[in-house]
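Student: See data.cif below, with mmCIF, C-alpha atoms.
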```cif
data_structure
loop_
_atom_site.label_atom_id
_atom_site.label_comp_id
_atom_site.auth_asym_id
_atom_site.auth_seq_id
_atom_site.Cartn_x
_atom_site.Cartn_y
_atom_site.Cartn_z
CA MET T 1020 39.93 -128.41 -101.26
CA THR T 1021 42.06 -126.14 -99.14
CA GLY T 1022 44.01 -126.52 -96.00
CA GLU T 1023 44.74 -130.19 -95.67
CA GLY T 1024 48.20 -130.00 -97.16
CA GLY T 1025 49.49 -127.08 -95.10
CA ASN T 1026 52.67 -125.43 -96.32
CA ASP T 1027 54.70 -128.58 -96.81
CA GLY T 1028 55.28 -129.18 -100.47
CA ALA T 1029 53.69 -125.95 -101.59
CA ASP T 1030 54.80 -125.02 -105.08
CA ASP T 1031 56.31 -121.68 -106.14
CA ALA T 1032 52.88 -120.09 -106.38
CA GLY T 1033 52.19 -121.06 -102.79
CA ARG T 1034 49.70 -123.76 -103.64
CA PRO T 1035 49.65 -127.07 -101.78
CA SER T 1036 50.69 -129.92 -104.02
CA LEU T 1037 48.08 -132.49 -104.87
CA ALA T 1038 50.34 -135.16 -103.47
CA ASP T 1039 49.99 -133.61 -100.03
CA GLN T 1040 46.30 -134.30 -100.22
CA ARG T 1041 46.55 -137.75 -101.68
CA GLY T 1042 46.38 -139.67 -98.42
CA VAL T 1043 44.99 -143.15 -98.68
CA GLU T 1044 41.45 -142.29 -99.70
CA SER T 1045 39.91 -143.26 -103.01
CA VAL T 1046 36.83 -141.07 -102.59
CA TYR T 1047 36.99 -137.30 -102.10
CA GLN T 1048 35.75 -136.48 -98.61
CA PRO T 1049 33.81 -133.31 -97.74
CA ALA T 1050 35.98 -130.23 -97.23
CA GLU T 1051 35.47 -126.45 -97.15
CA ASP T 1052 34.37 -126.41 -100.77
CA SER T 1053 31.70 -129.06 -100.18
CA ALA T 1054 30.41 -127.15 -97.14
CA LEU T 1055 30.18 -123.86 -99.06
CA LEU T 1056 28.32 -125.51 -101.94
CA ALA T 1057 25.99 -127.37 -99.55
CA ARG T 1058 25.07 -124.08 -97.83
CA ALA T 1059 24.27 -122.43 -101.16
CA VAL T 1060 22.20 -125.46 -102.17
CA ARG T 1061 20.20 -125.49 -98.93
CA GLU T 1062 19.26 -121.83 -99.45
CA ARG T 1063 17.81 -122.53 -102.87
CA VAL T 1064 16.23 -125.99 -102.70
CA GLY T 1065 12.56 -126.39 -101.85
CA ASP T 1066 10.28 -129.29 -100.98
CA GLY T 1067 9.80 -131.68 -103.85
CA ASP T 1068 12.44 -130.16 -106.12
CA GLN T 1069 14.17 -132.68 -108.35
CA THR T 1070 17.89 -132.11 -107.88
CA LEU T 1071 21.18 -133.61 -109.06
CA ASP T 1072 24.60 -133.60 -107.42
CA VAL T 1073 27.24 -134.13 -110.11
CA GLY T 1074 30.45 -135.80 -108.93
CA THR T 1075 28.72 -136.60 -105.69
CA GLY T 1076 31.75 -138.31 -104.12
CA SER T 1077 30.79 -139.34 -100.59
CA GLY T 1078 27.27 -137.98 -101.21
CA PHE T 1079 27.64 -134.96 -98.91
CA VAL T 1080 25.93 -132.34 -101.08
CA ALA T 1081 23.26 -134.76 -102.30
CA ALA T 1082 22.42 -135.55 -98.66
CA ALA T 1083 22.14 -131.81 -97.94
CA MET T 1084 19.69 -131.52 -100.85
CA ALA T 1085 17.59 -134.35 -99.46
CA GLU T 1086 17.61 -132.82 -95.97
CA ALA T 1087 16.29 -129.60 -97.54
CA GLY T 1088 13.32 -131.52 -98.93
CA ALA T 1089 14.52 -132.27 -102.45
CA ASP T 1090 14.18 -135.48 -104.40
CA ALA T 1091 17.97 -135.72 -104.77
CA VAL T 1092 20.10 -137.89 -107.05
CA GLY T 1093 23.88 -138.19 -107.06
CA VAL T 1094 26.03 -139.17 -110.04
CA ASP T 1095 29.72 -140.10 -110.08
CA VAL T 1096 32.13 -141.93 -112.39
CA ASN T 1097 33.92 -143.53 -109.43
CA PRO T 1098 32.32 -146.83 -108.35
CA LEU T 1099 33.75 -146.46 -104.82
CA ALA T 1100 32.13 -143.03 -104.53
CA CYS T 1101 28.83 -144.47 -105.73
CA GLN T 1102 29.02 -147.09 -102.98
CA GLN T 1103 29.81 -144.52 -100.28
CA ALA T 1104 27.00 -142.22 -101.40
CA ARG T 1105 24.58 -145.13 -101.43
CA GLU T 1106 25.61 -146.12 -97.90
CA ARG T 1107 24.79 -142.54 -96.89
CA GLY T 1108 21.27 -143.09 -98.23
CA VAL T 1109 21.72 -141.11 -101.44
CA THR T 1110 20.01 -142.26 -104.65
CA VAL T 1111 22.99 -142.71 -106.93
CA VAL T 1112 23.76 -143.38 -110.58
CA ARG T 1113 27.19 -144.25 -111.95
CA GLY T 1114 27.69 -142.01 -114.93
CA ASN T 1115 29.58 -139.17 -116.57
CA LEU T 1116 28.39 -135.65 -115.66
CA VAL T 1117 24.76 -135.20 -116.79
CA ASP T 1118 25.01 -137.67 -119.70
CA PRO T 1119 22.54 -140.30 -118.35
CA PHE T 1120 19.64 -137.91 -117.61
CA HIS T 1121 16.68 -136.77 -119.67
CA GLU T 1122 16.37 -133.18 -120.82
CA GLU T 1123 14.68 -130.68 -118.48
CA SER T 1124 14.74 -133.13 -115.56
CA PHE T 1125 16.14 -130.96 -112.78
CA ASP T 1126 15.15 -127.87 -110.82
CA LEU T 1127 18.70 -127.59 -109.51
CA VAL T 1128 22.02 -129.19 -110.47
CA ALA T 1129 25.10 -128.75 -108.26
CA PHE T 1130 28.71 -129.58 -109.16
CA ASN T 1131 31.84 -129.42 -107.04
CA PRO T 1132 34.32 -130.32 -109.78
CA PRO T 1133 37.97 -131.24 -109.68
CA TYR T 1134 39.31 -127.73 -110.19
CA LEU T 1135 42.97 -127.60 -109.13
CA PRO T 1136 45.15 -126.63 -112.10
CA THR T 1137 47.67 -129.43 -112.39
CA PRO T 1138 50.65 -129.77 -114.73
CA SER T 1139 50.32 -133.11 -116.48
CA GLU T 1140 53.66 -134.36 -115.16
CA ARG T 1141 52.33 -134.07 -111.63
CA GLU T 1142 49.14 -136.00 -112.20
CA TRP T 1143 48.73 -139.63 -111.29
CA ASP T 1144 46.30 -142.20 -112.43
CA ASP T 1145 43.95 -143.09 -109.61
CA TRP T 1146 40.49 -142.10 -108.40
CA MET T 1147 41.70 -139.40 -106.01
CA GLU T 1148 43.69 -137.70 -108.75
CA GLN T 1149 40.55 -137.70 -110.87
CA ALA T 1150 38.63 -136.15 -107.98
CA LEU T 1151 41.18 -133.34 -107.45
CA SER T 1152 42.89 -132.47 -110.70
CA GLY T 1153 41.26 -130.06 -113.10
CA GLY T 1154 43.98 -130.45 -115.72
CA GLU T 1155 46.29 -127.71 -116.99
CA ASP T 1156 43.76 -124.87 -116.57
CA GLY T 1157 41.63 -126.41 -113.82
CA ARG T 1158 38.67 -126.69 -116.17
CA ARG T 1159 39.03 -130.28 -117.44
CA LEU T 1160 35.50 -131.11 -116.30
CA VAL T 1161 34.12 -127.59 -115.75
CA ASP T 1162 33.94 -126.91 -119.50
CA PRO T 1163 32.17 -130.18 -120.46
CA PHE T 1164 29.74 -129.58 -117.58
CA LEU T 1165 28.87 -126.10 -118.87
CA GLU T 1166 28.45 -127.49 -122.38
CA SER T 1167 25.90 -130.07 -121.23
CA VAL T 1168 24.10 -128.92 -118.07
CA GLY T 1169 21.63 -126.63 -119.88
CA ARG T 1170 20.03 -129.66 -121.52
CA VAL T 1171 18.93 -131.22 -118.21
CA LEU T 1172 17.74 -128.04 -116.48
CA ALA T 1173 13.98 -127.49 -116.20
CA PRO T 1174 12.83 -124.21 -117.82
CA ASP T 1175 13.20 -122.39 -114.50
CA GLY T 1176 16.07 -124.60 -113.31
CA GLU T 1177 19.46 -123.47 -112.11
CA ALA T 1178 22.96 -124.86 -111.81
CA LEU T 1179 25.35 -124.15 -108.93
CA LEU T 1180 29.02 -124.63 -109.73
CA LEU T 1181 31.84 -124.35 -107.22
CA VAL T 1182 35.08 -122.94 -108.59
CA SER T 1183 38.27 -121.54 -107.13
CA SER T 1184 40.00 -118.26 -107.87
CA LEU T 1185 42.74 -120.58 -109.21
CA THR T 1186 40.29 -121.64 -111.91
CA ASP T 1187 39.52 -118.09 -113.16
CA PRO T 1188 35.77 -117.69 -112.39
CA ASP T 1189 35.40 -114.89 -114.96
CA ALA T 1190 36.68 -117.15 -117.74
CA VAL T 1191 34.29 -119.84 -116.52
CA ARG T 1192 31.36 -117.41 -116.76
CA GLU T 1193 32.42 -116.33 -120.24
CA TYR T 1194 32.63 -119.96 -121.40
CA ALA T 1195 29.16 -120.57 -119.92
CA ARG T 1196 27.78 -117.53 -121.74
CA GLN T 1197 28.97 -119.02 -125.02
CA HIS T 1198 26.89 -122.09 -124.19
CA GLY T 1199 23.65 -120.27 -123.39
CA LEU T 1200 24.03 -119.85 -119.64
CA ALA T 1201 23.96 -116.60 -117.67
CA GLY T 1202 26.09 -116.70 -114.54
CA GLU T 1203 26.42 -114.76 -111.31
CA ARG T 1204 28.32 -115.18 -108.05
CA VAL T 1205 26.05 -116.19 -105.18
CA ALA T 1206 28.62 -117.07 -102.50
CA SER T 1207 32.33 -116.87 -101.87
CA GLU T 1208 34.79 -117.68 -99.12
CA LYS T 1209 38.43 -116.73 -98.66
CA HIS T 1210 41.03 -119.38 -97.91
CA PRO T 1211 44.83 -119.23 -97.59
CA TYR T 1212 45.60 -120.32 -101.15
CA GLU T 1213 42.45 -119.41 -102.99
CA GLN T 1214 39.00 -117.92 -102.89
CA LEU T 1215 36.17 -120.41 -103.28
CA VAL T 1216 33.25 -119.13 -105.34
CA VAL T 1217 29.78 -120.53 -106.02
CA LEU T 1218 28.50 -119.52 -109.45
CA ARG T 1219 24.80 -119.78 -110.30
CA PHE T 1220 23.79 -120.37 -113.90
CA VAL T 1221 20.41 -120.19 -115.62
CA ARG T 1222 19.49 -120.77 -119.24
CA VAL T 1223 19.34 -117.53 -121.21
CA MET Z 1410 17.80 -148.07 -107.46
CA LYS Z 1411 14.24 -146.98 -106.88
CA GLU Z 1412 11.94 -147.55 -109.80
CA ASP Z 1413 10.91 -143.89 -110.06
CA LEU Z 1414 14.47 -143.13 -111.15
CA MET Z 1415 13.32 -144.43 -114.55
CA ASP Z 1416 11.54 -141.09 -115.07
CA ILE Z 1417 14.80 -139.15 -115.31
CA ILE Z 1418 17.49 -141.53 -116.55
CA CYS Z 1419 18.18 -142.18 -120.20
CA CYS Z 1420 20.72 -143.83 -122.48
CA PRO Z 1421 23.92 -141.77 -122.11
CA LEU Z 1422 24.72 -142.37 -125.77
CA ASP Z 1423 21.56 -141.30 -127.63
CA LYS Z 1424 19.30 -139.98 -124.78
CA HIS Z 1425 16.49 -142.39 -125.57
CA ASP Z 1426 14.38 -144.19 -122.94
CA LEU Z 1427 15.58 -147.32 -121.20
CA ASP Z 1428 13.76 -150.59 -120.58
CA LEU Z 1429 14.16 -152.02 -117.08
CA GLU Z 1430 14.86 -155.74 -116.67
CA VAL Z 1431 14.80 -156.74 -113.00
CA GLU Z 1432 16.79 -159.71 -111.69
CA ASP Z 1433 16.54 -159.07 -107.96
CA ARG Z 1434 14.63 -156.55 -105.89
CA ASP Z 1435 13.45 -155.90 -102.34
CA ASP Z 1436 10.44 -153.93 -101.10
CA GLU Z 1437 12.06 -150.58 -101.85
CA GLU Z 1438 14.28 -150.91 -104.87
CA ILE Z 1439 15.89 -152.87 -107.65
CA LEU Z 1440 19.11 -154.52 -106.50
CA SER Z 1441 20.28 -156.10 -109.74
CA GLY Z 1442 19.24 -156.28 -113.35
CA GLN Z 1443 19.87 -154.27 -116.44
CA LEU Z 1444 18.77 -151.25 -118.39
CA VAL Z 1445 18.46 -151.61 -122.15
CA CYS Z 1446 18.25 -148.68 -124.52
CA THR Z 1447 15.01 -148.77 -126.52
CA GLU Z 1448 16.82 -147.24 -129.50
CA CYS Z 1449 20.40 -148.54 -129.75
CA GLY Z 1450 20.00 -151.70 -127.65
CA GLU Z 1451 23.04 -150.96 -125.48
CA VAL Z 1452 22.87 -152.83 -122.15
CA PHE Z 1453 23.70 -151.11 -118.85
CA PRO Z 1454 24.03 -153.23 -115.70
CA ILE Z 1455 22.44 -152.59 -112.30
CA GLU Z 1456 24.68 -154.03 -109.57
CA ASP Z 1457 24.33 -153.70 -105.80
CA GLY Z 1458 21.45 -151.31 -106.36
CA ILE Z 1459 23.51 -148.92 -108.51
CA PRO Z 1460 22.77 -148.46 -112.23
CA ASN Z 1461 25.96 -148.14 -114.27
CA LEU Z 1462 25.13 -145.70 -117.04
CA LEU Z 1463 28.69 -145.01 -118.12
CA PRO Z 1464 29.20 -145.41 -121.86
CA PRO Z 1465 30.81 -148.81 -122.55
CA ASP Z 1466 34.14 -147.18 -123.51
CA MET Z 1467 34.38 -145.53 -120.07
CA ARG Z 1468 33.56 -148.62 -118.03
CA ASP Z 1469 36.97 -150.15 -118.52
CA GLU Z 1470 39.24 -147.14 -118.12
CA ALA Z 1471 38.99 -147.32 -114.34
CA PRO Z 1472 41.98 -146.05 -112.40
CA ALA Z 1473 43.51 -148.38 -109.86
#
```
Show me the file's structure as structure tokens.
Tutor:
Amino acid sequence: MTGEGGNDGADDAGRPSLADQRGVESVYQPAEDSALLARAVRERVGDGDQTLDVGTGSGFVAAAMAEAGADAVGVDVNPLACQQARERGVTVVRGNLVDPFHEESFDLVAFNPPYLPTPSEREWDDWMEQALSGGEDGRRLVDPFLESVGRVLAPDGEALLLVSSLTDPDAVREYARQHGLAGERVASEKHPYEQLVVLRFVRV
Amino acid sequence: MKEDLMDIICCPLDKHDLDLEVEDRDDEEILSGQLVCTECGEVFPIEDGIPNLLPPDMRDEAPA
């Protein structure tokens, strides 16, 4: 989620404004964060694994799972994203986070959430805002994901969550711990405004 | 949606199994129909090959 906006419109903390990235799209398109998460996923997915890409958007990470041999499913609240992912060949379900899946269904669950901290007065009400804005602390959907993902992980399953240094990865890990998940960093990448981090969680 | 998806999807409200009612399908997958919760009876549509398993109260709050 970095780079596209450049310096124009950066706020006092040097972050690009969401508006810079608004463009005309209604579905979040793959960027550096998607690529980092997809690489981490490819390293961990094996043939026949049942996997889930939460907030699949254009289906980029789900397609990477399938290419790595997984039986991959994507889920998204945005009907336009569901259509794009389906056109990419991804098996897709319209739904909220992991809500529509049975317990212990997945060997691996990946999530590239909306994580940019966004003051409420700067949010807008369309699909791209929903795909980018993480709310006041950047964890609007990160926290509900951590509360619920343990239910759908197989006993040896794992979850990969992409967060930004703007989203306080240590606080994310602490919140996960309170919900029965042990977390570690498995990948990171430095960008002009933030560091992107992939956290891996397993049930304790 | 492919029929084997039935193994992993459930009612988003109470996590019970779903019954599949097919209206239209091709050789590979179900194109339209509905999924009905075996417990609460809530009906979830399948349109253009995509099952919509959002809770009813989230279906209508779509941004522009």
Student: Of the candidates Z:Leu1444, Z:Met1467, Z:Ile1417, Z:Leu1429, which shows the shortest atom-to-atom distance to chain T, using only C-alpha atoms?
Tutor: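 Checking each of Z:Leu1444, Z:Met1467, Z:Ile1417, Z:Leu1429 against chain T, counting only C-alpha atoms, the winner is Z:Ile1417.
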Student: Quick one: pull the distance between atom CA of T:Ala1081 and atom CA of Z:Asp1428, Å, one decimal.
Tutor: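 We find that atom CA of T:Ala1081 and atom CA of Z:Asp1428 lie 26.0 Å from each other.
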Student: When the PyMOL selection byres ((chain T and resi 1131) around 6) is applied to the structure above, which residues does it catch, written out as JSON, numbers by chain?
Tutor: {"T": [1130, 1132, 1181]}
Student: Any chance you can output those residues with C-alpha atoms as an mmCIF file, in the frame of the given file?
Tutor:
```
data_model
loop_
_atom_site.group_PDB
_atom_site.id
_atom_site.type_symbol
_atom_site.label_atom_id
_atom_site.label_comp_id
_atom_site.auth_asym_id
_atom_site.auth_seq_id
_atom_site.Cartn_x
_atom_site.Cartn_y
_atom_site.Cartn_z
ATOM 1 C CA PHE T 1130 28.710 -129.580 -109.160
ATOM 2 C CA PRO T 1132 34.320 -130.320 -109.780
ATOM 3 C CA LEU T 1181 31.840 -124.350 -107.220
#
```
Student: Name the residues captured by the PyMOL selection byres ((chain T) within 6 of (chain Z)) when it is applied to the shown file; answer as a compact mmCIF listing (two decimals) with C-alpha atoms, in the frame of the given file.
Tutor:
```txt
# COMPACT_ATOMS: atom_id res chain seq x y z
CA VAL T 1112 23.76 -143.38 -110.58
CA ARG T 1113 27.19 -144.25 -111.95
CA GLY T 1114 27.69 -142.01 -114.93
CA ASP T 1118 25.01 -137.67 -119.70
CA PRO T 1119 22.54 -140.30 -118.35
CA PHE T 1120 19.64 -137.91 -117.61
CA HIS T 1121 16.68 -136.77 -119.67
CA ASP T 1144 46.30 -142.20 -112.43
CA ASP T 1145 43.95 -143.09 -109.61
CA TRP T 1146 40.49 -142.10 -108.40
```
Student: If you count only C-alpha atoms, which residues fall within 12 Å of T:Arg1058, apart from same-chain ones fewer than 4 positions away, as a PyMOL selection string?
Tutor: chain T and resi 1051-1054+1062-1064+1079-1084+1086-1087+1129+1179+1181+1205-1208+1217
Student: For Z:Glu1412, work out the shell of residues within 10 Å, counting all atoms listed in the file and skipping chain neighbours fewer than 6 positions away, then give it as a count of residues only.
Tutor: 4
Student: May I ask for the distance between atom CA of T:Arg1196 and atom CA of T:Val1216, given in Å to one decimal place?
Tutor: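 Calculated distance between atom CA of T:Arg1196 and atom CA of T:Val1216 is 17.4 Å.
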Student: As a short mmCIF file (atom, residue, chain, number, x, y, z; two decimals), in the frame of the given file, could you write out stretch 1140-1163 of chain T once it has been completed with N, CA and C atoms?
Tutor:
```cif
data_model
loop_
_atom_site.label_atom_id
_atom_site.label_comp_id
_atom_site.auth_asym_id
_atom_site.auth_seq_id
_atom_site.Cartn_x
_atom_site.Cartn_y
_atom_site.Cartn_z
N GLU T 1140 52.62 -133.49 -115.71
CA GLU T 1140 53.66 -134.36 -115.16
C GLU T 1140 53.47 -134.62 -113.66
N ARG T 1141 52.58 -133.84 -113.05
CA ARG T 1141 52.33 -134.07 -111.63
C ARG T 1141 51.03 -134.82 -111.36
N GLU T 1142 50.36 -135.23 -112.41
CA GLU T 1142 49.14 -136.00 -112.20
C GLU T 1142 49.48 -137.47 -112.01
N TRP T 1143 48.56 -138.19 -111.39
CA TRP T 1143 48.73 -139.63 -111.29
C TRP T 1143 47.40 -140.26 -111.64
N ASP T 1144 47.46 -141.55 -111.85
CA ASP T 1144 46.30 -142.20 -112.43
C ASP T 1144 45.56 -143.02 -111.39
N ASP T 1145 44.84 -142.34 -110.49
CA ASP T 1145 43.95 -143.09 -109.61
C ASP T 1145 42.71 -142.24 -109.35
N TRP T 1146 41.78 -142.79 -108.57
CA TRP T 1146 40.49 -142.10 -108.40
C TRP T 1146 40.64 -140.77 -107.70
N MET T 1147 41.59 -140.66 -106.73
CA MET T 1147 41.70 -139.40 -106.01
C MET T 1147 42.26 -138.31 -106.91
N GLU T 1148 43.20 -138.68 -107.80
CA GLU T 1148 43.69 -137.70 -108.75
C GLU T 1148 42.53 -137.19 -109.62
N GLN T 1149 41.68 -138.12 -110.03
CA GLN T 1149 40.55 -137.70 -110.87
C GLN T 1149 39.62 -136.77 -110.11
N ALA T 1150 39.54 -136.95 -108.79
CA ALA T 1150 38.63 -136.15 -107.98
C ALA T 1150 39.20 -134.76 -107.69
N LEU T 1151 40.53 -134.59 -107.81
CA LEU T 1151 41.18 -133.34 -107.45
C LEU T 1151 41.65 -132.53 -108.64
N SER T 1152 42.20 -133.19 -109.64
CA SER T 1152 42.89 -132.47 -110.70
C SER T 1152 41.94 -131.95 -111.76
N GLY T 1153 42.07 -130.67 -112.04
CA GLY T 1153 41.26 -130.06 -113.10
C GLY T 1153 42.02 -129.92 -114.40
N GLY T 1154 43.18 -130.58 -114.51
CA GLY T 1154 43.98 -130.45 -115.72
C GLY T 1154 44.75 -129.15 -115.74
N GLU T 1155 45.36 -128.84 -116.89
CA GLU T 1155 46.29 -127.71 -116.99
C GLU T 1155 45.66 -126.39 -116.54
N ASP T 1156 44.39 -126.15 -116.91
CA ASP T 1156 43.76 -124.87 -116.57
C ASP T 1156 42.71 -125.01 -115.46
N GLY T 1157 42.59 -126.21 -114.89
CA GLY T 1157 41.63 -126.41 -113.82
C GLY T 1157 40.21 -126.62 -114.32
N ARG T 1158 40.03 -126.63 -115.65
CA ARG T 1158 38.67 -126.69 -116.17
C ARG T 1158 38.40 -127.96 -116.98
N ARG T 1159 39.16 -129.01 -116.70
CA ARG T 1159 39.03 -130.28 -117.44
C ARG T 1159 37.59 -130.79 -117.46
N LEU T 1160 36.89 -130.66 -116.34
CA LEU T 1160 35.50 -131.11 -116.30
C LEU T 1160 34.50 -129.96 -116.20
N VAL T 1161 35.00 -128.76 -115.84
CA VAL T 1161 34.12 -127.59 -115.75
C VAL T 1161 33.55 -127.29 -117.14
N ASP T 1162 34.40 -127.26 -118.16
CA ASP T 1162 33.94 -126.91 -119.50
C ASP T 1162 32.91 -127.91 -120.05
N PRO T 1163 33.19 -129.23 -119.98
CA PRO T 1163 32.17 -130.18 -120.46
C PRO T 1163 30.85 -130.08 -119.67
#
```
